[in-house]
$ cat target-v5.txt   # compact mmCIF, C-alpha atoms (C1' of nucleotides)
# COMPACT_ATOMS: atom_id res chain seq x y z
CA MET Q 21 -0.30 -9.62 -1.04
CA ARG Q 22 -3.60 -7.93 -1.07
CA THR Q 23 -6.62 -10.17 -0.72
CA ASP Q 24 -7.59 -11.67 -4.04
CA SER Q 25 -11.22 -10.78 -4.66
CA ARG Q 26 -11.54 -11.96 -8.24
CA LEU Q 27 -13.77 -14.89 -7.44
CA PRO Q 28 -16.58 -12.93 -5.76
CA ARG Q 29 -16.16 -10.20 -8.32
CA VAL Q 30 -16.70 -12.35 -11.37
CA LEU Q 31 -19.53 -14.18 -9.64
CA HIS Q 32 -21.11 -10.80 -9.09
CA VAL Q 33 -20.66 -10.01 -12.76
CA LEU Q 34 -22.12 -13.30 -13.92
CA LEU Q 35 -25.21 -12.71 -11.82
CA HIS Q 36 -25.66 -9.31 -13.40
CA LEU Q 37 -25.09 -10.61 -16.92
CA ASP Q 38 -27.82 -13.15 -16.32
CA GLN Q 39 -30.25 -10.37 -15.57
CA LEU Q 40 -29.52 -8.26 -18.62
CA ASP Q 41 -30.29 -9.29 -22.16
CA GLU Q 42 -28.07 -6.80 -23.89
CA PRO Q 43 -24.29 -6.88 -23.88
CA VAL Q 44 -22.81 -5.08 -20.90
CA THR Q 45 -19.72 -3.00 -21.47
CA SER Q 46 -16.62 -3.25 -19.33
CA GLU Q 47 -17.29 0.36 -18.49
CA ARG Q 48 -20.61 -0.48 -16.85
CA ILE Q 49 -19.26 -3.58 -15.19
CA GLY Q 50 -16.48 -1.40 -13.84
CA GLU Q 51 -19.09 0.80 -12.22
CA MET Q 52 -20.70 -2.23 -10.61
CA LEU Q 53 -17.36 -3.36 -9.23
CA ASN Q 54 -16.07 0.09 -8.40
CA THR Q 55 -13.10 -0.32 -10.64
CA ASN Q 56 -12.06 0.52 -14.18
CA PRO Q 57 -12.82 -1.13 -17.53
CA SER Q 58 -9.32 -2.32 -18.18
CA LEU Q 59 -9.21 -4.35 -15.01
CA VAL Q 60 -12.61 -5.77 -15.82
CA ARG Q 61 -11.39 -6.94 -19.21
CA ARG Q 62 -8.36 -8.55 -17.68
CA THR Q 63 -10.34 -10.26 -14.97
CA MET Q 64 -13.01 -11.48 -17.37
CA ALA Q 65 -10.49 -12.80 -19.88
CA GLY Q 66 -10.35 -16.20 -18.18
CA LEU Q 67 -14.11 -16.56 -18.31
CA ARG Q 68 -14.07 -15.72 -21.99
CA GLU Q 69 -11.38 -18.31 -22.68
CA ALA Q 70 -13.38 -20.86 -20.73
CA GLY Q 71 -16.38 -20.19 -22.95
CA PHE Q 72 -18.67 -18.90 -20.23
CA VAL Q 73 -19.02 -15.43 -21.73
CA ARG Q 74 -18.32 -13.68 -24.99
CA ALA Q 75 -17.16 -10.14 -25.52
CA THR Q 76 -18.07 -8.28 -28.66
CA LYS Q 77 -16.48 -5.10 -29.93
CA GLY Q 78 -17.89 -1.96 -31.38
CA HIS Q 79 -21.22 -0.23 -30.94
CA GLY Q 80 -23.59 -2.16 -28.80
CA GLY Q 81 -20.78 -4.47 -27.83
CA GLY Q 82 -19.89 -5.79 -24.42
CA TRP Q 83 -20.14 -8.96 -22.41
CA ILE Q 84 -22.85 -11.58 -22.68
CA LEU Q 85 -23.44 -14.93 -21.02
CA LEU Q 86 -22.99 -17.98 -23.23
CA ARG Q 87 -24.12 -20.60 -20.75
CA LYS Q 88 -26.82 -20.92 -18.17
CA LEU Q 89 -25.77 -20.23 -14.61
CA THR Q 90 -27.17 -23.62 -13.64
CA GLU Q 91 -24.44 -25.14 -15.78
CA ILE Q 92 -21.52 -23.25 -14.28
CA THR Q 93 -20.15 -24.31 -10.92
CA LEU Q 94 -18.08 -22.07 -8.71
CA ALA Q 95 -15.24 -24.49 -9.31
CA ASP Q 96 -15.53 -23.81 -13.03
CA VAL Q 97 -15.28 -20.11 -12.37
CA TYR Q 98 -12.34 -20.51 -10.03
CA SER Q 99 -10.52 -22.61 -12.60
CA ALA Q 100 -11.29 -20.09 -15.30
CA LEU Q 101 -9.57 -17.47 -13.16
CA GLY Q 102 -6.49 -19.64 -13.18
CA SER Q 103 -7.10 -21.25 -9.79
CA PRO Q 104 -5.52 -18.42 -7.81
CA GLU Q 105 -3.49 -19.29 -4.76
CA LEU Q 106 -5.97 -19.91 -1.98
CA PHE Q 107 -3.80 -19.48 1.08
CA ALA Q 108 -1.92 -16.65 2.70
CA VAL Q 109 -0.23 -19.25 4.91
CA GLY Q 110 2.35 -21.61 3.52
CA ARG Q 111 5.47 -23.64 4.01
CA SER Q 112 8.80 -22.31 5.09
CA GLY Q 113 10.91 -23.37 2.13
CA ASP Q 114 11.30 -25.82 -0.70
CA ALA Q 115 12.63 -29.25 0.19
CA PRO Q 116 14.62 -28.15 3.19
CA HIS Q 117 17.54 -30.26 4.30
CA CYS Q 118 16.57 -30.36 7.97
CA LEU Q 119 14.36 -33.30 8.80
CA LEU Q 120 12.49 -31.38 11.46
CA GLU Q 121 11.79 -28.53 9.12
CA ARG Q 122 10.45 -30.99 6.61
CA SER Q 123 8.16 -32.46 9.24
CA ALA Q 124 6.90 -29.00 10.09
CA ASN Q 125 6.26 -28.29 6.44
CA GLN Q 126 4.52 -31.57 5.87
CA ALA Q 127 2.17 -31.02 8.78
CA THR Q 128 1.38 -27.51 7.58
CA SER Q 129 0.81 -28.75 4.05
CA ALA Q 130 -1.43 -31.55 5.25
CA ALA Q 131 -3.72 -29.12 7.04
CA LEU Q 132 -3.72 -26.76 4.07
CA GLU Q 133 -4.44 -29.51 1.57
CA ALA Q 134 -7.32 -30.77 3.66
CA ALA Q 135 -8.68 -27.23 3.71
CA ARG Q 136 -8.18 -26.89 -0.02
CA ALA Q 137 -10.10 -30.10 -0.65
CA THR Q 138 -13.01 -28.78 1.39
CA PHE Q 139 -12.89 -25.53 -0.52
CA ARG Q 140 -12.90 -27.30 -3.89
CA ALA Q 141 -15.73 -29.60 -2.84
CA GLU Q 142 -17.76 -26.62 -1.75
CA LEU Q 143 -17.12 -24.86 -5.05
CA GLU Q 144 -17.93 -27.95 -7.04
CA ARG Q 145 -21.27 -28.57 -5.49
CA THR Q 146 -22.46 -25.01 -5.98
CA THR Q 147 -23.61 -23.56 -9.27
CA VAL Q 148 -23.61 -19.86 -9.87
CA ALA Q 149 -27.39 -20.06 -10.10
CA ASP Q 150 -27.49 -21.42 -6.56
CA LEU Q 151 -26.11 -18.16 -5.20
CA VAL Q 152 -29.29 -16.28 -5.69
CA ALA Q 153 -31.70 -19.10 -4.95
CA PRO Q 154 -32.24 -17.88 -1.36
CA HIS Q 155 -33.08 -14.42 -2.67
CA ALA Q 156 -34.95 -15.47 -5.77
CA GLU Q 157 -38.10 -13.67 -4.82
CA VAL Q 158 -36.47 -10.40 -3.89
CA ILE Q 159 -34.40 -10.41 -7.03
CA ARG Q 160 -37.36 -11.19 -9.24
CA GLU Q 161 -39.13 -8.16 -7.79
CA HIS Q 162 -36.11 -6.01 -8.32
CA GLN Q 163 -35.72 -7.21 -11.88
CA LYS Q 164 -39.28 -6.30 -12.70
CA LYS Q 165 -38.56 -2.75 -11.77
CA ILE Q 166 -35.46 -2.70 -13.97
CA THR Q 167 -36.75 -4.36 -17.09
CA GLY Q 168 -40.19 -2.90 -16.78
CA GLY Q 169 -42.59 -4.53 -19.22
CA LYS Q 170 -39.97 -6.43 -21.16
CA ARG Q 171 -40.14 -10.16 -20.89
CA ARG Q 172 -37.14 -12.07 -19.70
CA GLU Q 173 -36.29 -15.69 -19.16
CA ASN Q 174 -34.47 -16.52 -15.99
CA ALA Q 175 -31.90 -19.27 -15.91
CA GLY Q 176 -32.10 -21.39 -12.83
CA MET T 4 1.52 -10.02 0.73
CA ARG T 5 4.23 -12.55 0.93
CA THR T 6 3.24 -16.04 2.08
CA ASP T 7 3.06 -16.27 5.85
CA SER T 8 5.42 -19.03 6.94
CA ARG T 9 5.33 -18.45 10.66
CA LEU T 10 3.40 -21.61 11.47
CA PRO T 11 5.86 -24.08 9.93
CA ARG T 12 8.73 -22.01 11.24
CA VAL T 13 7.74 -22.09 14.87
CA LEU T 14 6.81 -25.76 14.59
CA HIS T 15 10.31 -26.34 13.30
CA VAL T 16 11.70 -24.43 16.25
CA LEU T 17 9.60 -26.33 18.79
CA LEU T 18 10.84 -29.62 17.40
CA HIS T 19 14.43 -28.46 17.79
CA LEU T 20 13.86 -27.13 21.30
CA ASP T 21 12.53 -30.51 22.25
CA GLN T 22 15.78 -32.10 21.19
CA LEU T 23 18.09 -29.79 23.05
CA ASP T 24 18.31 -29.59 26.79
CA GLU T 25 20.03 -26.25 27.02
CA PRO T 26 18.49 -22.91 26.17
CA VAL T 27 18.81 -22.06 22.49
CA THR T 28 19.58 -18.48 21.57
CA SER T 29 17.63 -16.52 18.98
CA GLU T 30 20.91 -16.30 17.12
CA ARG T 31 21.10 -20.07 16.72
CA ILE T 32 17.42 -20.38 15.93
CA GLY T 33 17.96 -17.72 13.31
CA GLU T 34 20.56 -19.96 11.69
CA MET T 35 18.11 -22.84 11.67
CA LEU T 36 15.47 -20.69 10.00
CA ASN T 37 17.83 -18.79 7.76
CA THR T 38 16.83 -15.52 9.25
CA ASN T 39 17.99 -13.12 11.92
CA PRO T 40 17.62 -13.12 15.70
CA SER T 41 15.36 -10.12 15.86
CA LEU T 42 12.75 -11.72 13.66
CA VAL T 43 13.01 -14.92 15.69
CA ARG T 44 12.29 -13.03 18.89
CA ARG T 45 9.30 -11.31 17.35
CA THR T 46 7.92 -14.53 15.92
CA MET T 47 8.44 -16.45 19.15
CA ALA T 48 6.87 -13.75 21.28
CA GLY T 49 3.42 -15.25 20.89
CA LEU T 50 4.59 -18.66 22.00
CA ARG T 51 6.17 -17.10 25.06
CA GLU T 52 2.98 -15.25 25.95
CA ALA T 53 1.04 -18.47 25.52
CA GLY T 54 3.33 -20.17 28.00
CA PHE T 55 4.74 -22.77 25.63
CA VAL T 56 8.31 -21.51 25.89
CA ARG T 57 10.36 -19.23 28.06
CA ALA T 58 13.18 -16.92 27.06
CA THR T 59 15.93 -16.10 29.54
CA LYS T 60 18.41 -13.29 29.21
CA GLY T 61 22.09 -13.11 29.82
CA HIS T 62 24.83 -15.68 29.69
CA GLY T 63 23.54 -19.13 28.88
CA GLY T 64 20.18 -17.65 28.09
CA GLY T 65 17.86 -18.44 25.24
CA TRP T 66 14.66 -20.30 24.55
CA ILE T 67 13.46 -23.42 26.32
CA LEU T 68 10.33 -25.54 26.11
CA LEU T 69 7.96 -25.30 29.06
CA ARG T 70 5.50 -27.95 27.99
CA LYS T 71 5.66 -31.34 26.36
CA LEU T 72 5.06 -31.43 22.65
CA THR T 73 2.37 -34.03 23.25
CA GLU T 74 0.45 -31.33 25.09
CA ILE T 75 0.60 -28.70 22.40
CA THR T 76 -1.67 -28.92 19.38
CA LEU T 77 -0.99 -27.17 16.11
CA ALA T 78 -4.11 -25.18 16.83
CA ASP T 79 -2.53 -23.94 20.05
CA VAL T 80 0.50 -22.82 18.09
CA TYR T 81 -1.57 -21.15 15.42
CA SER T 82 -3.54 -19.27 18.06
CA ALA T 83 -0.35 -18.27 19.82
CA LEU T 84 0.80 -16.68 16.56
CA GLY T 85 -2.34 -14.58 16.62
CA SER T 86 -4.33 -16.79 14.23
CA PRO T 87 -2.92 -15.20 11.09
CA GLU T 88 -5.19 -14.72 8.14
CA LEU T 89 -5.42 -18.07 6.41
CA PHE T 90 -6.61 -17.05 2.96
CA ALA T 91 -5.23 -15.12 0.06
CA VAL T 92 -8.71 -15.16 -1.43
CA GLY T 93 -11.49 -13.11 0.06
CA ARG T 94 -14.63 -11.13 -0.41
CA SER T 95 -15.02 -8.12 -2.63
CA GLY T 96 -16.12 -5.53 -0.10
CA ASP T 97 -17.76 -4.94 3.22
CA ALA T 98 -21.53 -5.10 3.29
CA PRO T 99 -22.06 -4.03 -0.32
CA HIS T 100 -25.31 -2.45 -1.29
CA CYS T 101 -25.88 -4.61 -4.35
CA LEU T 102 -27.83 -7.75 -3.58
CA LEU T 103 -26.04 -9.77 -6.22
CA GLU T 104 -22.67 -8.72 -4.89
CA ARG T 105 -23.74 -9.79 -1.45
CA SER T 106 -24.77 -13.17 -2.79
CA ALA T 107 -21.39 -13.54 -4.46
CA ASN T 108 -19.66 -12.63 -1.24
CA GLN T 109 -21.76 -14.99 0.81
CA ALA T 110 -21.01 -17.91 -1.46
CA THR T 111 -17.32 -17.14 -1.39
CA SER T 112 -17.36 -16.80 2.36
CA ALA T 113 -19.26 -20.05 2.76
CA ALA T 114 -16.61 -21.98 0.85
CA LEU T 115 -13.82 -20.23 2.73
CA GLU T 116 -15.39 -20.83 6.11
CA ALA T 117 -15.87 -24.50 5.33
CA ALA T 118 -12.20 -24.67 4.39
CA ARG T 119 -11.22 -22.82 7.54
CA ALA T 120 -13.17 -25.28 9.68
CA THR T 121 -11.33 -28.17 8.06
CA PHE T 122 -8.03 -26.43 8.64
CA ARG T 123 -8.82 -25.80 12.30
CA ALA T 124 -9.99 -29.37 12.82
CA GLU T 125 -6.80 -30.65 11.27
CA LEU T 126 -4.71 -28.42 13.51
CA GLU T 127 -6.67 -29.39 16.57
CA ARG T 128 -6.29 -33.07 16.16
CA THR T 129 -2.54 -32.88 15.67
CA THR T 130 -0.03 -32.34 18.43
CA VAL T 131 3.42 -31.03 17.71
CA ALA T 132 4.77 -34.37 18.87
CA ASP T 133 2.78 -36.07 16.14
CA LEU T 134 4.80 -34.35 13.46
CA VAL T 135 7.87 -36.44 14.00
CA ALA T 136 6.12 -39.69 14.88
CA PRO T 137 6.58 -41.02 11.34
CA HIS T 138 10.29 -40.26 11.52
CA ALA T 139 10.83 -41.18 15.14
CA GLU T 140 13.44 -43.78 14.40
CA VAL T 141 15.46 -41.72 12.00
CA ILE T 142 15.42 -38.76 14.32
CA ARG T 143 16.46 -40.84 17.29
CA GLU T 144 19.47 -42.04 15.32
CA HIS T 145 20.29 -38.55 14.25
CA GLN T 146 20.05 -37.29 17.79
CA LYS T 147 22.48 -39.94 19.00
CA LYS T 148 25.08 -38.71 16.57
CA ILE T 149 24.58 -35.17 17.75
CA THR T 150 24.60 -35.68 21.47
CA GLY T 151 26.89 -38.69 21.27
CA GLY T 152 30.63 -38.31 21.93
CA LYS T 153 31.28 -34.64 21.53
CA ARG T 154 29.11 -31.90 22.92
CA ARG T 155 28.11 -30.48 19.68
CA GLU T 156 25.52 -28.30 18.17
CA ASN T 157 22.91 -29.09 15.62
CA ALA T 158 22.64 -26.92 12.56
CA GLY T 159 19.41 -26.17 10.93
C1' DC M 20 31.41 -3.68 35.41
C1' DG M 21 31.43 -6.14 30.97
C1' DT M 22 29.35 -9.47 28.21
C1' DT M 23 25.50 -11.92 26.56
C1' DA M 24 20.91 -12.18 25.23
C1' DT M 25 16.10 -10.81 25.10
C1' DG M 26 12.27 -7.13 24.04
C1' DT M 27 10.78 -3.78 21.07
C1' DG M 28 10.24 0.17 18.10
C1' DA M 29 11.21 1.96 13.61
C1' DC M 30 12.43 1.38 9.13
C1' DT M 31 13.32 -1.08 4.46
C1' DT M 32 12.46 -4.85 1.27
C1' DT M 33 9.70 -8.08 -1.13
C1' DT M 34 5.71 -9.76 -3.36
C1' DT M 35 1.41 -9.79 -5.77
C1' DA M 36 -3.32 -8.21 -6.66
C1' DA M 37 -5.28 -4.11 -7.79
C1' DG M 38 -5.34 -0.11 -10.18
C1' DT M 39 -3.93 2.97 -14.12
C1' DT M 40 -2.48 4.46 -18.66
C1' DA M 41 -1.88 3.92 -23.40
C1' DC M 42 -2.62 2.15 -27.70
C1' DG M 43 -3.70 -1.39 -31.22
C1' DT M 44 -7.64 -3.96 -33.27
C1' DA M 45 -12.23 -4.90 -34.55
C1' DA M 46 -17.14 -3.89 -35.18
C1' DT M 47 -20.95 -0.73 -35.83
C1' DT M 48 -23.06 3.49 -37.40
C1' DG M 49 -23.63 7.35 -40.41
C1' DC C 8 -14.83 5.45 -45.90
C1' DA C 9 -14.51 7.82 -41.46
C1' DA C 10 -15.76 8.29 -36.81
C1' DT C 11 -17.03 6.13 -32.82
C1' DT C 12 -17.35 2.49 -29.69
C1' DA C 13 -15.50 -1.24 -27.23
C1' DC C 14 -12.43 -5.04 -26.47
C1' DG C 15 -7.35 -6.99 -25.89
C1' DT C 16 -3.17 -6.34 -23.89
C1' DA C 17 1.28 -4.57 -22.54
C1' DA C 18 3.62 -1.71 -19.30
C1' DC C 19 3.70 0.74 -15.32
C1' DT C 20 2.30 2.42 -10.50
C1' DT C 21 0.06 1.70 -6.01
C1' DA C 22 -1.14 -0.68 -1.81
C1' DA C 23 -0.77 -3.87 1.95
C1' DA C 24 1.41 -7.18 4.89
C1' DA C 25 5.10 -10.45 6.02
C1' DA C 26 9.81 -10.64 6.11
C1' DG C 27 13.94 -8.71 6.95
C1' DT C 28 17.10 -5.18 9.11
C1' DC C 29 18.92 -1.92 12.47
C1' DA C 30 19.29 0.23 16.82
C1' DC C 31 19.04 0.35 21.51
C1' DA C 32 17.09 -0.29 26.14
C1' DT C 33 16.85 -3.85 29.68
C1' DA C 34 18.04 -7.75 32.26
C1' DA C 35 20.88 -11.71 33.77
C1' DC C 36 25.11 -13.85 34.60
C1' DG C 37 29.99 -14.16 35.94
$ encode --input "target-v5.txt" --output "structure tokens"
Amino acid sequence: MRTDSRLPRVLHVLLHLDQLDEPVTSERIGEMLNTNPSLVRRTMAGLREAGFVRATKGHGGGWILLRKLTEITLADVYSALGSPELFAVGRSGDAPHCLLERSANQATSAALEAARATFRAELERTTVADLVAPHAEVIREHQKKITGGKRRENAG
Amino acid sequence: MRTDSRLPRVLHVLLHLDQLDEPVTSERIGEMLNTNPSLVRRTMAGLREAGFVRATKGHGGGWILLRKLTEITLADVYSALGSPELFAVGRSGDAPHCLLERSANQATSAALEAARATFRAELERTTVADLVAPHAEVIREHQKKITGGKRRENAG
DNA sequence: CGTTATGTGACTTTTTAAGTTACGTAATTG
DNA sequence: CAATTACGTAACTTAAAAAGTCACATAACG
């Protein structure tokens, strides 16, 4: 399969939504992600169902954040995407008859599950707000330029 | 892409090779793996180049183990396969211009790299011989039946 | 020499995310 | 109300990589 890039993509979107007070259309998000609105809507659907964002229709509609980024972990986001398959490597078959094949599968699974646990732990201990913490200053500068005089409250 | 099952497959093969004193043809290995000889040869090529096995041509030819399974770690095997891409999940692009996208990518990469390190560590601390340690007794019994009275071949 | 078996290149199949198209539904504006 | 905007979603196409297949050259053995 092609590499699944939904996680970094929606993280990217959440960070942008946090910077903009008005609803952002799928069209504009599509430009940010270099893709089209329909795919954006499909990808964001999980986040909507999870209650992290809301999408409104009609004029002035689009996507808005419902929760602070400090209250959303990467694990939450990953789950909202349906917990996509993490690995490109896997077992050789389901419940094979051969004992040796089962041993080979078990060993492979053990290593993969250990890796998955590390991945989950890493996602769980990181909030979306944490992503930009290292760049907080740069981003704040950048945001000033964008929003000009308008006042804005930053989550995180 | 389809799930990469080369690691468990070659582990399975190594375990079988360890049980059989004579060279095993790609044809027979193909039966064990439910695939065809050509794919077996391609998959095993890395193990040959790494010096773990040798393939001999002609009558009575086939694959034999060159090293003890206690001396081969799963990490060795994985490397011999060319260290296939572990993850189905990945970043969203290469060196994106947008700062927020980069942050999203970095966070994703951080979690993936942590998971990869765990995977590697797990592979490194396991030898191929370890895989069957839990089943040593059962396998020893099984092997007796196979090599016992009749000279007979093991399926799958 | 004939048979067996590997080594390898070229091609097809399979699988799944990504991408695309189309259209229904809902909300806002005039 | 009508037009426009924007989401929601179904259906389809594209892309990429492992798996699978086929063909054939090469080498070893008897």
$ calpha_fit_rmsd --input "target-v5.txt" --fixed "chain Q" --moving "chain T"
3.3 Å
$ atom_distance --input "target-v5.txt" --atom1 "atom CA of T:Ala78" --atom2 "atom CA of Q:Leu106"
19.6 Å
$ interface_residues --input "target-v5.txt" --of "chain Q" --to "chain M" --cutoff "6 Å" --atoms "all atoms listed in the file" --output "PyMOL selection string"
chain Q and resi 21-22+77-79
$ residues_near_point --input "target-v5.txt" --point "(-1.0, -19.2, 5.4)" --cutoff "12 Å" --atoms "all atoms listed in the file" --output "PyMOL selection string"
(chain Q and resi 21+105-112+125+128-129+131-133+135-136) or (chain T and resi 4-12+81+84+86-92+119+122) or (chain C and resi 25)
$ interface_residues --input "target-v5.txt" --of "chain C" --to "chain T" --cutoff "8 Å" --atoms "all atoms listed in the file" --output "PyMOL selection string"
chain C and resi 23-27+34-36
$ write_last_selection --input "target-v5.txt" --atoms "C-alpha atoms (C1' of nucleotides)" --output "short mmCIF file (atom, residue, chain, number, x, y, z; two decimals), in the frame of the given file"
data_model
loop_
_atom_site.label_atom_id
_atom_site.label_comp_id
_atom_site.auth_asym_id
_atom_site.auth_seq_id
_atom_site.Cartn_x
_atom_site.Cartn_y
_atom_site.Cartn_z
"C1'" DA C 23 -0.77 -3.87 1.95
"C1'" DA C 24 1.41 -7.18 4.89
"C1'" DA C 25 5.10 -10.45 6.02
"C1'" DA C 26 9.81 -10.64 6.11
"C1'" DG C 27 13.94 -8.71 6.95
"C1'" DA C 34 18.04 -7.75 32.26
"C1'" DA C 35 20.88 -11.71 33.77
"C1'" DC C 36 25.11 -13.85 34.60
#
$ atom_distance --input "target-v5.txt" --atom1 "atom CA of T:His19" --atom2 "atom CA of T:Met35"
9.1 Å
$ atom_distance --input "target-v5.txt" --atom1 "atom CA of T:Leu23" --atom2 "atom CA of T:Gly65"
11.6 Å
